[in-house]
Amino acid sequence: MDAPTSRYRDVYARWQRDPQGFWGEAADAIDWIEKPRTVFDPKAGIYGRWFPDGVVNTCYNALDRHVENGRNNQPALIYDSPVTNTKQTFTYGRVLSEVQLLGAMLRDFGVAKGDRVILYMPMVPEAVFAMLACARIGAIHSVVFGGFAAKELATRIDDAKPKIILSASCGIEGTRVIPYKPLLDEAINLARHKVATCLILQRPQCKAAMTELRDHDWRRVWEHAVNYAKTSACEPVQATDPLYILYTSGTTGIPKGVVRDNGGHLVALKWSMENLYGIKPGEIFWCASDIGWVVGHSYIVYAPLIHGATSILYEGKPVGTPDAGAFWRVASEHKAVSLFTAPTAFRAIRKEDPDATLLKQYDLSHFRALFLAGERADPPTLEWAEKVLQVPVIDHWWQTETGWCICGNPAGLGTLPVKPGSATVPMPGYTIDVVDEANNKVAANTIGSLVIKLPMPPGALPTLWHQDKRMRESYLDEFPGYYKTADAGFIDDDGYVYVMSRTDDIINVAGHRLSTGGMEEVLASHPDVAECAVLGIKDDMKGEVPCGFIVLKAGVTKAPAEIEKEIVALVRERIGPVAAFKLAITVARLPKTRSGKILRGTIKKIADGEEWTMPATIDDPAILGEIGEALKGKGVGG
Ligand code: COA
Ligand code: AMP
């Protein structure tokens, strides 16, 4: 199956023969303060630690070294914001001076090495500067996606216990201005951990009310720092010190704080830019995600800069800002050689402009590859993108936990033949097996649990923030010797990996990872709800959307339609608009097994209009008919 020119098999075999030699060599591409003598210590940490005696600074590798090596005037960041009509280019020299200033501002607020800093920010350059400034001074950032509600932010505040929160007056969603500050104020009120300081970026679209003593105007503090010529030096940190915490949905309402360390992350991301994405330093790379997600952390902020490339920060949508030609415009105008986004963005573009007529207005002759991740790239979308763009379209499999690609098609080593529906092959660092419930490997082409042989590669999570036990329980206990991805899939005869579905209650809505268990907790908190089940059902654009079934308590007199509306509002209020929870359906009973387990899988099949069989263990078969009836006229059904 291999393209004759691909070096993939050789490189992967080289890693298999000598993983430490492989990553030790990759580590040479990083500027260390103290070069690690040990590449991997299997006895440290939960499953071992990478580069344990290395000392480094991530920001130095992303900025200073490029300025010192002739990239001072090269663009580092291109900010393109159709929602504010702004385009700005920041050179490496300029980003460095902004980050030095912001690092000094944070230090003046008392932020020191190891302190946590929460960012609740839209896609503006200051957010990127803030992440890098934290890295510079050894503080640990935790970015919270803007589409989450106050309660979700409060949970993260209580877990991370930040010294300061950086935020902005608003985000802009298409044509709507979304004030962030009221959400931040509410979150701070809800949180038990009391935050003493907030730095607020006032955007012209909306002015935030400031709380005296606690809130500081970003611009004013910045002007003061400029006037006093403040600056900050890079703080040396251990390679194993945390760079950031990123919260992601777990199987309960309490999110998991995925920890990323400095050294392994630097090494893995640098390797991936050249070998996976095929990008050369100086080229322009565009990742159209959000800095609130792992993809945005790794491929808007860190990897392109560590590599000396130029990154595009896009504050807009694939459609509606102003039209379905937005992605083509940005890629053409800024000469991006590759784009990395979620399949849902391409489904949205295809829906609005099925023949890609808008593409004809733009020159994309420099464009080399499209990378998709966040959810499985469905073959029709992948094939459409290939047809209209005439470049390889590469699906690759990722998790917040891994921080970079698990399986992909390495453009830098020579693209392998694309098989639509497959994320292609494991990257060096990853041995993927498919196992059954007893942890036995299954035959090729047989679906099972996708597991990663320990140790995890550099860049992957060493643990969960202050929760080693949960790390073991969530990922390591079920399949001894392996990391459990909680994804199910199979490997074909050519070694291509197919990721088909989650094995837990996580769903992917428009490429956003959400927990249906977390939503069920919200539904169950409604005073009229006796029982509930939330599951992801098929959606043409978002891939999946949540659908909630509720059973009302006996004696409830309020109209079900009214309760359903309240439920929808409650999820929006507690989790946030990003949950895209728009459908609550009242039913008399939920189908269960005789042991009382709700048959979510069967309900999902009915809702998706798929064939289903009556489960042998069902308590009362008549209930499935009732579910089918309740779904009629709700606009679902595959
Ligand atoms: N701040 C505040 N609200 C936000 C937000 C943010 N940063 N991001 C999303 N929201 C809101 C949206 O406005 C929407 O609100 P609404 O219910 O009032 O309309 C809701 O959250 C759901 O957002 P989304 O699922 O993104 O839907 P959408 O209809 O606004 O856009 C797409 C659909 C496909 C265009 C969009 O989801 C998209 O571009 N997806 C790409 C996903 C991606 O980059 N994933 C990262 C992994 S690679
Ligand atoms: P997140 O942590 O938000 O990146 O979401 C990770 C989950 O998204 C994975 O566990 C998968 O379920 C899903 N996912 C991400 N990329 C892919 C892909 N290329 N193919 C299939 N599923 C994917």
# chains A, B, ... in the order shown; residues from 1 in each chain; ligands from 1

call {"tool": "residues_around", "arguments": {"residues": "Phe549 of chain A", "least_positions_apart": "6", "cutoff": "7 Å", "atoms": "only C-alpha atoms", "output": "list in words"}}
result
Cys532, Ala533, Val534, Ala584, Ile585, Thr586 and Val587 of chain A

call {"tool": "write_last_selection", "arguments": {"atoms": "N, CA and C atoms", "output": "tab-separated table (two decimals), in the first residue's frame"}}
result
chain	number	residue	atom	x	y	z
A	532	CYS	N	-33.58	10.41	33.33
A	532	CYS	CA	-33.21	10.96	32.02
A	532	CYS	C	-32.11	10.16	31.36
A	533	ALA	N	-31.97	10.38	30.07
A	533	ALA	CA	-30.85	9.79	29.32
A	533	ALA	C	-30.49	10.79	28.22
A	534	VAL	N	-29.18	11.07	28.07
A	534	VAL	CA	-28.74	11.95	26.98
A	534	VAL	C	-27.85	11.12	26.07
A	584	ALA	N	-34.97	18.26	23.88
A	584	ALA	CA	-35.35	17.45	25.04
A	584	ALA	C	-36.71	16.86	24.74
A	585	ILE	N	-36.89	15.57	24.99
A	585	ILE	CA	-38.13	14.89	24.63
A	585	ILE	C	-38.67	14.17	25.86
A	586	THR	N	-39.93	14.44	26.16
A	586	THR	CA	-40.53	13.79	27.32
A	586	THR	C	-41.10	12.42	26.90
A	587	VAL	N	-40.79	11.41	27.65
A	587	VAL	CA	-41.34	10.06	27.39
A	587	VAL	C	-41.92	9.52	28.71

call {"tool": "residues_around", "arguments": {"residues": "segment 85-98 of chain A", "least_positions_apart": "2", "cutoff": "8 Å", "atoms": "only C-alpha atoms", "output": "VMD selection string"}}
result
chain A and resid 63 to 64 66 to 67 71 to 83 100 to 102 129 231

call {"tool": "residues_around", "arguments": {"residues": "Thr431 of chain A", "least_positions_apart": "4", "cutoff": "7 Å", "atoms": "only C-alpha atoms", "output": "JSON, numbers by chain"}}
result
{"A": [426, 452, 453]}

call {"tool": "closest_atom_pairs", "arguments": {"of": "chain A", "to": "ligand 1", "cutoff": "7 Å", "atoms": "only C-alpha atoms and all ligand atoms", "output": "Markdown table"}}
result
| residue | atom | partner | partner_atom_place_in_ligand_line | distance |
| --- | --- | --- | --- | --- |
| A:Pro122 | CA | ligand 1 | 7 (N) | 6.0 |
| A:Phe145 | CA | ligand 1 | 7 (N) | 5.9 |
| A:Gly146 | CA | ligand 1 | 1 (N) | 3.8 |
| A:Gly147 | CA | ligand 1 | 3 (N) | 3.7 |
| A:Gly171 | CA | ligand 1 | 1 (N) | 5.7 |
| A:Glu173 | CA | ligand 1 | 13 (O) | 5.1 |
| A:Ile178 | CA | ligand 1 | 2 (C) | 6.2 |
| A:Ala288 | CA | ligand 1 | 44 (O) | 5.8 |
| A:Ser289 | CA | ligand 1 | 44 (O) | 3.6 |
| A:Asp290 | CA | ligand 1 | 44 (O) | 5.9 |
| A:Trp293 | CA | ligand 1 | 46 (C) | 6.1 |
| A:Val295 | CA | ligand 1 | 48 (S) | 5.5 |
| A:Lys317 | CA | ligand 1 | 39 (O) | 5.1 |
| A:Pro318 | CA | ligand 1 | 35 (C) | 5.4 |
| A:Val319 | CA | ligand 1 | 35 (C) | 6.0 |
| A:Thr341 | CA | ligand 1 | 48 (S) | 5.0 |
| A:Ala342 | CA | ligand 1 | 48 (S) | 4.4 |
| A:Thr344 | CA | ligand 1 | 34 (C) | 4.8 |
| A:Ala345 | CA | ligand 1 | 34 (C) | 4.4 |
| A:Ala348 | CA | ligand 1 | 34 (C) | 5.4 |
| A:Ala373 | CA | ligand 1 | 48 (S) | 5.4 |
| A:Gly374 | CA | ligand 1 | 47 (C) | 4.7 |
| A:Val509 | CA | ligand 1 | 25 (O) | 6.3 |
| A:Ala510 | CA | ligand 1 | 37 (O) | 4.6 |
| A:Gly511 | CA | ligand 1 | 45 (N) | 4.4 |
| A:His512 | CA | ligand 1 | 45 (N) | 5.6 |
| A:Met541 | CA | ligand 1 | 34 (C) | 6.6 |
| A:Lys542 | CA | ligand 1 | 34 (C) | 6.1 |
| A:Pro577 | CA | ligand 1 | 21 (O) | 4.0 |
| A:Val578 | CA | ligand 1 | 21 (O) | 3.7 |
| A:Ala579 | CA | ligand 1 | 22 (C) | 6.5 |
| A:Ala580 | CA | ligand 1 | 22 (C) | 5.1 |

call {"tool": "write_last_selection", "arguments": {"atoms": "N, CA and C atoms", "output": "mmCIF file, in the first residue's frame"}}
result
data_model
loop_
_atom_site.group_PDB
_atom_site.id
_atom_site.type_symbol
_atom_site.label_atom_id
_atom_site.label_comp_id
_atom_site.auth_asym_id
_atom_site.auth_seq_id
_atom_site.Cartn_x
_atom_site.Cartn_y
_atom_site.Cartn_z
ATOM 1 N N PRO A 122 -11.262 35.307 23.836
ATOM 2 C CA PRO A 122 -11.575 35.027 22.433
ATOM 3 C C PRO A 122 -10.285 34.887 21.629
ATOM 4 N N PHE A 145 -12.288 27.464 27.051
ATOM 5 C CA PHE A 145 -12.974 27.825 25.813
ATOM 6 C C PHE A 145 -14.136 28.788 26.105
ATOM 7 N N GLY A 146 -14.266 29.807 25.262
ATOM 8 C CA GLY A 146 -15.257 30.853 25.475
ATOM 9 C C GLY A 146 -16.703 30.387 25.420
ATOM 10 N N GLY A 147 -16.973 29.256 24.793
ATOM 11 C CA GLY A 147 -18.356 28.789 24.673
ATOM 12 C C GLY A 147 -18.855 28.063 25.907
ATOM 13 N N GLY A 171 -16.456 38.137 23.281
ATOM 14 C CA GLY A 171 -16.078 37.365 22.103
ATOM 15 C C GLY A 171 -17.055 37.751 21.010
ATOM 16 N N GLU A 173 -19.213 36.093 17.897
ATOM 17 C CA GLU A 173 -19.660 34.865 17.234
ATOM 18 C C GLU A 173 -20.440 35.261 15.996
ATOM 19 N N ILE A 178 -20.684 38.576 22.175
ATOM 20 C CA ILE A 178 -21.017 37.807 23.380
ATOM 21 C C ILE A 178 -20.214 38.385 24.551
ATOM 22 N N ALA A 288 -7.301 26.271 11.871
ATOM 23 C CA ALA A 288 -8.542 27.017 12.119
ATOM 24 C C ALA A 288 -9.328 26.354 13.242
ATOM 25 N N SER A 289 -8.694 26.252 14.388
ATOM 26 C CA SER A 289 -9.395 25.742 15.564
ATOM 27 C C SER A 289 -9.570 26.931 16.509
ATOM 28 N N ASP A 290 -9.650 26.678 17.785
ATOM 29 C CA ASP A 290 -9.756 27.753 18.772
ATOM 30 C C ASP A 290 -8.690 27.477 19.831
ATOM 31 N N TRP A 293 -9.082 24.818 22.623
ATOM 32 C CA TRP A 293 -8.991 23.366 22.437
ATOM 33 C C TRP A 293 -7.539 22.956 22.294
ATOM 34 N N VAL A 295 -6.097 21.297 19.975
ATOM 35 C CA VAL A 295 -5.582 21.516 18.625
ATOM 36 C C VAL A 295 -5.084 22.957 18.484
ATOM 37 N N LYS A 317 -15.665 32.235 11.347
ATOM 38 C CA LYS A 317 -16.258 30.906 11.167
ATOM 39 C C LYS A 317 -16.000 30.462 9.724
ATOM 40 N N PRO A 318 -16.213 29.194 9.437
ATOM 41 C CA PRO A 318 -16.047 28.758 8.045
ATOM 42 C C PRO A 318 -17.154 29.287 7.130
ATOM 43 N N VAL A 319 -18.299 29.579 7.718
ATOM 44 C CA VAL A 319 -19.412 30.125 6.926
ATOM 45 C C VAL A 319 -19.969 31.342 7.668
ATOM 46 N N THR A 341 -8.211 21.719 10.247
ATOM 47 C CA THR A 341 -9.499 22.088 10.835
ATOM 48 C C THR A 341 -10.304 20.822 11.134
ATOM 49 N N ALA A 342 -11.549 21.013 11.559
ATOM 50 C CA ALA A 342 -12.406 19.872 11.881
ATOM 51 C C ALA A 342 -13.313 19.574 10.683
ATOM 52 N N THR A 344 -16.346 19.085 10.513
ATOM 53 C CA THR A 344 -17.615 19.821 10.588
ATOM 54 C C THR A 344 -17.526 21.149 9.846
ATOM 55 N N ALA A 345 -16.358 21.776 9.858
ATOM 56 C CA ALA A 345 -16.193 23.054 9.155
ATOM 57 C C ALA A 345 -16.386 22.826 7.655
ATOM 58 N N ALA A 348 -19.978 22.280 6.836
ATOM 59 C CA ALA A 348 -20.696 23.552 6.810
ATOM 60 C C ALA A 348 -20.462 24.272 5.481
ATOM 61 N N ALA A 373 -9.207 16.776 11.855
ATOM 62 C CA ALA A 373 -9.214 16.006 13.113
ATOM 63 C C ALA A 373 -10.305 16.536 14.023
ATOM 64 N N GLY A 374 -10.466 15.868 15.141
ATOM 65 C CA GLY A 374 -11.451 16.291 16.131
ATOM 66 C C GLY A 374 -12.625 15.337 16.162
ATOM 67 N N VAL A 509 -19.438 17.059 19.200
ATOM 68 C CA VAL A 509 -20.440 17.919 18.583
ATOM 69 C C VAL A 509 -19.694 19.038 17.860
ATOM 70 N N ALA A 510 -19.763 19.050 16.551
ATOM 71 C CA ALA A 510 -19.019 20.036 15.748
ATOM 72 C C ALA A 510 -17.546 20.047 16.152
ATOM 73 N N GLY A 511 -16.993 18.853 16.375
ATOM 74 C CA GLY A 511 -15.576 18.763 16.742
ATOM 75 C C GLY A 511 -15.304 19.152 18.189
ATOM 76 N N HIS A 512 -16.344 19.470 18.945
ATOM 77 C CA HIS A 512 -16.161 19.812 20.350
ATOM 78 C C HIS A 512 -16.493 18.593 21.205
ATOM 79 N N MET A 541 -24.566 18.362 9.887
ATOM 80 C CA MET A 541 -23.468 19.323 9.912
ATOM 81 C C MET A 541 -22.517 19.105 11.074
ATOM 82 N N LYS A 542 -23.071 18.935 12.265
ATOM 83 C CA LYS A 542 -22.212 18.838 13.451
ATOM 84 C C LYS A 542 -21.734 17.418 13.737
ATOM 85 N N PRO A 577 -23.351 27.318 25.537
ATOM 86 C CA PRO A 577 -23.914 27.144 24.195
ATOM 87 C C PRO A 577 -23.177 26.077 23.397
ATOM 88 N N VAL A 578 -21.891 25.854 23.719
ATOM 89 C CA VAL A 578 -21.099 24.895 22.952
ATOM 90 C C VAL A 578 -21.703 23.488 23.002
ATOM 91 N N ALA A 579 -22.504 23.194 24.016
ATOM 92 C CA ALA A 579 -23.123 21.873 24.118
ATOM 93 C C ALA A 579 -24.135 21.639 22.989
ATOM 94 N N ALA A 580 -24.613 22.720 22.383
ATOM 95 C CA ALA A 580 -25.597 22.639 21.296
ATOM 96 C C ALA A 580 -26.749 21.702 21.670
#

call {"tool": "residues_near_ligand", "arguments": {"ligand": "ligand 2", "cutoff": "7 Å", "atoms": "only C-alpha atoms and all ligand atoms", "output": "VMD selection string"}}
result
chain A and resid 248 293 to 295 372 to 377 395 to 401 423 485 to 487 499 to 502 508 511 to 513

call {"tool": "atom_distance", "arguments": {"atom1": "atom CA of Phe40 of chain A", "atom2": "atom CA of Phe22 of chain A"}}
result
11.3 Å

call {"tool": "residues_around", "arguments": {"residues": "Ala569 of chain A", "least_positions_apart": "6", "cutoff": "12 Å", "atoms": "only C-alpha atoms", "output": "list in words"}}
result
Ala149, Met519, Val522, Leu523, His526, Glu562, Ile563, Ile575, Gly576, Pro577, Ala579, Ala580, Phe581, Lys582, Leu583 and Ala584 of chain A

call {"tool": "closest_residue", "arguments": {"among": "A:Leu552, A:Val425, A:Glu573, A:Glu611", "to": "Arg589 of chain A", "atoms": "only C-alpha atoms"}}
result
A:Leu552

call {"tool": "atom_distance", "arguments": {"atom1": "atom CA of Tyr498 of chain A", "atom2": "atom CA of Tyr430 of chain A"}}
result
14.9 Å

call {"tool": "closest_residue", "arguments": {"among": "A:Thr402, A:Gly412, A:Arg600, A:Glu478", "to": "Ala438 of chain A", "atoms": "only C-alpha atoms"}}
result
A:Glu478
